[in-house]
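Below: the structure, in structure tokens.
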Amino acid sequence: MKKSISLLAILALLGCKEDLVKKPDRLIEKSKMMDIMYDLALLEAIKYQNPAVLDSNQIRPKQFIYKKYKIDSLQLAQNNRYYAADYKSYKVMFESVVKRIESEKKRANAIIKLEEKKKKIKIAQLKKKRQLAKKSKDSITVVKTKKGSI
């Protein structure tokens, strides 16, 4: 019984966004907030996949975001809390960021495949040139040998 009352109280609080979290004084517009979420996701992925890249370029993800979007940590935290208070809207924002990441991933994979294809073509062309050069050297050697024996 106590659990169900606690659950109902929590749901009632979550249902009232205005009562739960007030609008920040310096509100970041939704599209900009989604850009920030996207950049943070990329930087965190890089941080865990290849931290040497960030270290070698002396990039600290959070400081990079603050400087790029001209915000501070408090503003980001307040805005994130404000948007997260409306679960449904925040979920839509998050799903949009995920779709953007997937789209960019497909685009990057396509570019990588294209570059690999170009590299294979270049290698094949180099091999063909080497074979032609080798054949032409062999021909010259054969001609010289025939002239020398005459």
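By order in the structure tokens, chains are A, B, ...; within a chain, residues start at 1; ligands start at 1, following the order shown.
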Skip A:Tyr90 itself and residues of its chain fewer than 4 positions away, then list as a PyMOL selection string all residues within 10 Å of it, counting only C-alpha atoms.
chain A and resi 30+34+80-86+94-96
Need the shell around A:Met37: protein/DNA/RNA residues with any atom at most 10 Å away, counting only C-alpha atoms. Skip same-chain ones fewer than 2 positions apart. Format as a VMD selection string?
chain A and resid 31 to 35 39 to 43 65 80 93 to 94 97 to 98
Would you mind exporting N, CA, C and O atoms of the selected residues as a tab-separated table (two decimals), in the first residue's frame?
chain	number	residue	atom	x	y	z
A	31	SER	N	16.34	23.40	-30.42
A	31	SER	CA	17.21	22.92	-31.50
A	31	SER	C	18.69	23.02	-31.12
A	31	SER	O	19.48	22.12	-31.41
A	32	LYS	N	19.03	24.09	-30.43
A	32	LYS	CA	20.42	24.26	-29.98
A	32	LYS	C	20.75	23.22	-28.91
A	32	LYS	O	21.85	22.66	-28.89
A	33	MET	N	19.81	22.94	-28.04
A	33	MET	CA	20.01	21.94	-26.99
A	33	MET	C	20.23	20.57	-27.62
A	33	MET	O	21.07	19.78	-27.16
A	34	MET	N	19.52	20.28	-28.70
A	34	MET	CA	19.69	19.00	-29.39
A	34	MET	C	21.07	18.94	-30.06
A	34	MET	O	21.71	17.88	-30.07
A	35	ASP	N	21.54	20.06	-30.57
A	35	ASP	CA	22.90	20.11	-31.13
A	35	ASP	C	23.94	19.84	-30.04
A	35	ASP	O	24.92	19.13	-30.26
A	39	ASP	N	26.60	16.77	-29.96
A	39	ASP	CA	28.04	16.96	-29.81
A	39	ASP	C	28.57	16.24	-28.57
A	39	ASP	O	29.64	15.63	-28.61
A	40	LEU	N	27.84	16.32	-27.48
A	40	LEU	CA	28.26	15.61	-26.26
A	40	LEU	C	28.32	14.11	-26.49
A	40	LEU	O	29.26	13.44	-26.04
A	41	ALA	N	27.34	13.57	-27.21
A	41	ALA	CA	27.33	12.13	-27.50
A	41	ALA	C	28.55	11.74	-28.33
A	41	ALA	O	29.20	10.73	-28.05
A	42	LEU	N	28.86	12.54	-29.34
A	42	LEU	CA	30.03	12.25	-30.17
A	42	LEU	C	31.32	12.32	-29.37
A	42	LEU	O	32.18	11.44	-29.48
A	43	LEU	N	31.45	13.38	-28.59
A	43	LEU	CA	32.67	13.54	-27.80
A	43	LEU	C	32.83	12.43	-26.77
A	43	LEU	O	33.95	11.95	-26.54
A	65	ILE	N	32.30	22.12	-25.43
A	65	ILE	CA	30.88	22.44	-25.60
A	65	ILE	C	30.58	23.84	-25.08
A	65	ILE	O	29.89	24.63	-25.73
A	80	ASN	N	19.27	21.28	-19.17
A	80	ASN	CA	19.10	19.83	-19.29
A	80	ASN	C	18.04	19.34	-18.32
A	80	ASN	O	17.18	18.54	-18.69
A	93	MET	N	13.43	14.45	-28.23
A	93	MET	CA	14.72	15.12	-28.50
A	93	MET	C	15.84	14.09	-28.60
A	93	MET	O	16.65	14.12	-29.54
A	94	PHE	N	15.87	13.19	-27.65
A	94	PHE	CA	16.91	12.16	-27.61
A	94	PHE	C	16.84	11.26	-28.84
A	94	PHE	O	17.86	10.95	-29.45
A	97	VAL	N	18.28	12.98	-31.79
A	97	VAL	CA	19.75	12.97	-31.74
A	97	VAL	C	20.26	11.60	-32.20
A	97	VAL	O	21.22	11.51	-32.98
A	98	VAL	N	19.63	10.53	-31.74
A	98	VAL	CA	20.04	9.18	-32.14
A	98	VAL	C	19.89	9.00	-33.66
A	98	VAL	O	20.78	8.45	-34.31
If you count only C-alpha atoms, which residues fall within 9 Å of A:Ile28, apart from same-chain ones fewer than 5 positions away, as a list in words?
Met33, Ile71, Gln75, Leu76 and Asn79 of chain A
Can you write out the residues you just picked, keeping all heavy atoms, as a short mmCIF file (atom, residue, chain, number, x, y, z; two decimals), in the first residue's frame?
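The resulting file, part.cif, is reproduced below:
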data_model
loop_
_atom_site.label_atom_id
_atom_site.label_comp_id
_atom_site.auth_asym_id
_atom_site.auth_seq_id
_atom_site.Cartn_x
_atom_site.Cartn_y
_atom_site.Cartn_z
N MET A 33 19.81 22.94 -28.04
CA MET A 33 20.01 21.94 -26.99
C MET A 33 20.23 20.57 -27.62
O MET A 33 21.07 19.78 -27.16
CB MET A 33 18.81 21.93 -26.04
CG MET A 33 19.00 21.07 -24.83
SD MET A 33 20.29 21.73 -23.77
CE MET A 33 20.35 20.46 -22.53
N ILE A 71 28.07 28.88 -23.59
CA ILE A 71 27.28 28.61 -22.39
C ILE A 71 28.22 28.24 -21.26
O ILE A 71 29.42 28.06 -21.48
CB ILE A 71 26.25 27.47 -22.63
CG1 ILE A 71 26.96 26.17 -23.03
CG2 ILE A 71 25.22 27.88 -23.67
CD1 ILE A 71 26.06 24.96 -23.11
N GLN A 75 24.31 26.81 -16.81
CA GLN A 75 23.27 26.98 -17.82
C GLN A 75 22.94 25.64 -18.47
O GLN A 75 21.77 25.31 -18.65
CB GLN A 75 23.73 28.00 -18.87
CG GLN A 75 22.65 28.33 -19.89
CD GLN A 75 23.12 29.33 -20.93
OE1 GLN A 75 24.29 29.72 -20.98
NE2 GLN A 75 22.20 29.77 -21.77
N LEU A 76 23.96 24.86 -18.79
CA LEU A 76 23.71 23.55 -19.40
C LEU A 76 22.95 22.65 -18.45
O LEU A 76 21.97 22.01 -18.84
CB LEU A 76 25.03 22.91 -19.83
CG LEU A 76 24.91 21.52 -20.46
CD1 LEU A 76 24.06 21.56 -21.73
CD2 LEU A 76 26.29 20.95 -20.77
N ASN A 79 19.27 23.84 -18.05
CA ASN A 79 18.49 23.57 -19.26
C ASN A 79 18.26 22.07 -19.45
O ASN A 79 17.17 21.66 -19.84
CB ASN A 79 19.18 24.17 -20.48
CG ASN A 79 18.87 25.63 -20.63
OD1 ASN A 79 17.89 26.00 -21.27
ND2 ASN A 79 19.67 26.49 -20.01
#
Write out as number ranges by chain each polymer residue whose atoms come within 10 Å of A:Lys47, counting only C-alpha atoms; drop sequence neighbours fewer than 5 positions from it.
A: 41-42, 52-55, 59-61
Would you work out the distance separating atom CA of A:Gln78 from atom CA of A:Pro24, expressed in Å to one decimal?
6.3 Å
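Shortest atom-to-atom contact with A:Lys67 among A:Lys88, A:Ile111, A:Tyr48, A:Ile36: A:Ile36, counting only C-alpha atoms.
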